[in-house]
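Data block below; observations after.
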Amino acid sequence: MNRRTFLSVLTLAGAGSALVRAVPALEPTAGSRRKMTLCLNPGAIGVRASQLEAVELAHRHGFESVEPQGEYLAGLSPEQLADLLSDLRAKRLVWGAAGLPVEFRSEDARFERSLERLPRVAAGLQRAGVERVGTWISPGHGSLTYLQNFRQHATRLREVGRILKDHGLRLGLEYVGTKTSRDRLKYPFVHTLAECLELIAEIGTGNVGVVPDSWHWWQAGDTTADLLGLRNQDVVAVDLNDAPTGIAKDQQRDNQRELPAATGVIDLAAFLGALAQIGYDGPVRAEPFNQPLNELDNEAACAATVAALRKALALLA
């Protein structure tokens with residue numbers, strides 16, 4: 001089950017919040033603390049694009065990194081890969097974080113089958129120069145207690161981590177802090193940064209880190225002090241979102257977010273400032289699950305997203 005399907009199961013369908021209007025791109029000013037890159041993850045903004053189409057969209061709209069598609073990269077010939085990497089360099093783009101193609105939240109048989117395919121995809125990512133892979137942790141379970149779920153996650157993700165480590169890849173885990181999502185599951189699970197770090201320590205492969213999301217950081221009640229306790233090498237990717245106005249914090253729904261810096265409900269200056277302070281230098285992506293954004297065509301969705309990301313990151317200037 002992917003994240004979008006998970007959210008549709010957990011939450012009621014709704015019209016979504018109003019889409020922030022695109023604003024002119026804001027370039028970092030001299031002396032900006034920003035090392036992180038504006039990353040295009042097409043699926044997170046409702047854009048359907050092949051790897052080559054995603055690269056073109058990222059370049060055309062001024063993104064600085066782009067999501068690598070593992071299955072596609074694993075199937076390229078050496079010549080095709082060389083052409084793609086040459087095109088990336090010419091467009092001054094770098095890779096963001098790939099998605100993890102392993103069903104670690106499912107039953108044993110599905111997990112084992114998907115794990116068997118991971119070395120091939122990991123090898124393809126490695127050949128392409130990708131270094132980051134990310135996934136998310138469900139904030140609860142219908143039948144496994146916290147301890148049972150913790151042990152299962154640690155065991156399975158340890159196997160995943162070892163395979164990725166053999167191919168020079170880091171794995172990032174995103175905790176889901178949304179209370180309304182957690183409340184729909186019988187047994188709560190990891191939903192704060194501290195709990196996520198405990199799981200990472202138990203996995204113990206040395207190449208697993210976190211994927212902080214401003215939405216989940218805010219929902220979990222985490223602070224800048226929590227982020228400042230991390231190191232750059234602990235952070236694999238970052239998701240940036242804002243929240244609708246006029247809704248109590250504990251009533252917010254995970255599939256009704258806003259683009260970065262759209263409302264100011266979430267303190268993105270504090271969130272990004274802490275990440276800049278630890279020297280984070282990886283991809284920053286928008287993942288608003290915003291219906292009006294999803295209804296736009298590819299060009300308009302990319303334009304609105306990069307404008308929102310630049311508006312948020314300008315807070316670091």
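By convention here, the chains of the structure tokens are called A, B, ... in the order presented, each chain's residues are numbered starting at 1, and ligands are numbered starting at 1 in the order presented.
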
Test item: residues at most 12 Å from Leu57 in chain A, only C-alpha atoms, excluding those fewer than 5 positions along its chain, as a PyMOL selection string: chain A and resi 39-42+47-52+62-67+88+91+93+297-303+305-306

Dump C-alpha atoms for the selected residues as a CSV table (one decimal), in the first residue's frame?
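Below is the file selection11.csv, written as the result:
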chain,number,residue,atom,x,y,z
A,39,CYS,CA,13.5,18.8,-5.4
A,40,LEU,CA,10.8,17.7,-7.8
A,41,ASN,CA,8.9,14.6,-6.7
A,42,PRO,CA,6.2,14.4,-9.3
A,47,VAL,CA,2.2,15.0,-11.6
A,48,ARG,CA,2.5,11.8,-13.6
A,49,ALA,CA,5.8,11.8,-15.4
A,50,SER,CA,8.4,9.3,-16.6
A,51,GLN,CA,12.0,9.7,-15.5
A,52,LEU,CA,12.9,11.6,-18.6
A,62,GLY,CA,14.0,25.7,-11.9
A,63,PHE,CA,14.1,22.8,-9.6
A,64,GLU,CA,17.6,21.8,-8.5
A,65,SER,CA,17.1,18.1,-7.9
A,66,VAL,CA,14.7,15.4,-9.1
A,67,GLU,CA,13.4,12.1,-7.8
A,88,LEU,CA,21.4,15.8,-15.8
A,91,LYS,CA,20.7,20.8,-16.8
A,93,LEU,CA,20.4,18.9,-11.7
A,297,ASP,CA,-1.8,20.1,-15.4
A,298,ASN,CA,1.8,19.2,-15.0
A,299,GLU,CA,3.2,22.5,-16.0
A,300,ALA,CA,1.0,24.5,-13.6
A,301,ALA,CA,1.5,22.1,-10.7
A,302,CYS,CA,5.3,22.3,-11.1
A,303,ALA,CA,5.2,26.1,-11.4
A,305,THR,CA,5.3,24.0,-6.3
A,306,VAL,CA,8.6,25.5,-7.1

Write out as JSON lines the residues of range 62-117 of chain A that have any atom within 10 Å of an atom of range 231-251 of chain A, one row each with the nearest atom pair and its distance in Å to one decimal, counting only C-alpha atoms, sorted by chain and then rising number.
{"residue": "A:Gly96", "atom": "CA", "partner": "A:Ala237", "partner_atom": "CA", "distance": 7.7}
{"residue": "A:Ala97", "atom": "CA", "partner": "A:Ala237", "partner_atom": "CA", "distance": 6.6}
{"residue": "A:Ala98", "atom": "CA", "partner": "A:Ala237", "partner_atom": "CA", "distance": 9.9}

DSSP helix (DSSP H, G or I) residues within range 156-269 of chain A, as a ChimeraX atom specification: /A:156-166,179-182,193-203,214-220,224-228,232-234,249-251,268-269

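Look at Gly273 in chain A: the protein and nucleic acid residues within 12 Å of it, using only C-alpha atoms and passing over chain neighbours fewer than 2 places away, are Ser32, Arg33, Arg34, Lys35, Met36, Ser214, Thr223, Thr224, Ala225, Leu227, Leu228, Asp267, Leu268, Ala269, Ala270, Phe271, Leu275, Ala276, Gln277, Ile278, Gly279, Tyr280, Ala312, Leu313, Ala314, Leu315, Leu316 and Ala317 of chain A.
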
Option closest in space to Lys165 in chain A, from A:Ser86, A:Gln256, A:Ser77, A:Gln126 [counting only C-alpha atoms]: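 Under the stated criterion, the closest residue is A:Gln126.
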
Test item: residues at most 7 Å from Ile137 in chain A, only C-alpha atoms, excluding those fewer than 6 positions along its chain, as a PyMOL selection string: chain A and resi 173-176

Save the residues we just selected, N, CA and C atoms, as a PDB file, in the first residue's frame?
ATOM      1  N   LEU A 173      13.742   7.325   7.037  1.00  0.00           N
ATOM      2  CA  LEU A 173      12.426   6.959   7.560  1.00  0.00           C
ATOM      3  C   LEU A 173      11.657   8.217   7.954  1.00  0.00           C
ATOM      4  N   GLU A 174      10.455   8.356   7.442  1.00  0.00           N
ATOM      5  CA  GLU A 174       9.579   9.478   7.778  1.00  0.00           C
ATOM      6  C   GLU A 174       8.524   9.014   8.777  1.00  0.00           C
ATOM      7  N   TYR A 175       8.515   9.603   9.949  1.00  0.00           N
ATOM      8  CA  TYR A 175       7.465   9.293  10.913  1.00  0.00           C
ATOM      9  C   TYR A 175       6.227  10.113  10.582  1.00  0.00           C
ATOM     10  N   VAL A 176       5.061   9.576  10.884  1.00  0.00           N
ATOM     11  CA  VAL A 176       3.784  10.231  10.604  1.00  0.00           C
ATOM     12  C   VAL A 176       3.186  10.690  11.930  1.00  0.00           C
TER      13      VAL A 176
END

Give me the residues within 9 Å of Leu259 in chain A as a PDB file with C-alpha atoms, in the first residue's frame, counting only C-alpha atoms and dropping any in the same chain fewer than 4 places off.
ATOM      1  CA  LEU A  19      -4.272  26.182  -3.428  1.00  0.00           C
ATOM      2  CA  VAL A  20      -1.746  28.905  -2.793  1.00  0.00           C
ATOM      3  CA  LEU A 240       7.998  20.756   3.385  1.00  0.00           C
ATOM      4  CA  ASN A 241       4.300  21.525   3.820  1.00  0.00           C
ATOM      5  CA  ASP A 242       1.957  24.002   5.457  1.00  0.00           C
ATOM      6  CA  ALA A 243      -1.459  23.504   7.085  1.00  0.00           C
ATOM      7  CA  THR A 263      -0.712  29.992   5.320  1.00  0.00           C
ATOM      8  CA  ALA A 286       6.691  19.488  -1.286  1.00  0.00           C
ATOM      9  CA  GLU A 287       4.175  16.782  -0.372  1.00  0.00           C
ATOM     10  CA  PRO A 288       0.916  18.632   0.269  1.00  0.00           C
ATOM     11  CA  PHE A 289      -1.652  16.003  -0.781  1.00  0.00           C
ATOM     12  CA  ASN A 290      -3.621  19.011  -1.983  1.00  0.00           C
ATOM     13  CA  LEU A 293      -2.908  21.211  -6.817  1.00  0.00           C
ATOM     14  CA  ALA A 304       3.102  26.471  -8.226  1.00  0.00           C
ATOM     15  CA  THR A 305       5.260  24.017  -6.299  1.00  0.00           C
ATOM     16  CA  ALA A 308       6.079  27.820  -2.948  1.00  0.00           C
ATOM     17  CA  LEU A 309       9.365  26.089  -2.166  1.00  0.00           C
TER      18      LEU A 309
END

Selected residue, from A:Ile200, A:Gln152, A:Ala220, A:Gly142, that lies nearest to Asp108 in chain A when counting only C-alpha atoms: A:Gln152

Atom pair CA of Ala122 in chain A / CA of Val190 in chain A: separation (Å):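 Separation between CA of Ala122 in chain A and CA of Val190 in chain A: 26.2 Å.
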
Nearby residues (only C-alpha atoms) at most 9 Å from His167 in chain A, same-chain spacing under 6 positions excluded, as an MDAnalysis selection string: chainID A and resid 119 122:123 125:127 131

Nearest to Arg132 in chain A by atom-to-atom distance, counting only C-alpha atoms, from A:Pro101, A:Thr37, A:Leu169, A:Leu85: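 Counting only C-alpha atoms, the residue closest to Arg132 in chain A is A:Leu169.
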
DSSP strand (DSSP E) residues within range 72-279 of chain A, listed as a PyMOL selection string: chain A and resi 94-95+97-99+132-137+140-141+170-175+187-188+208-210+238-240
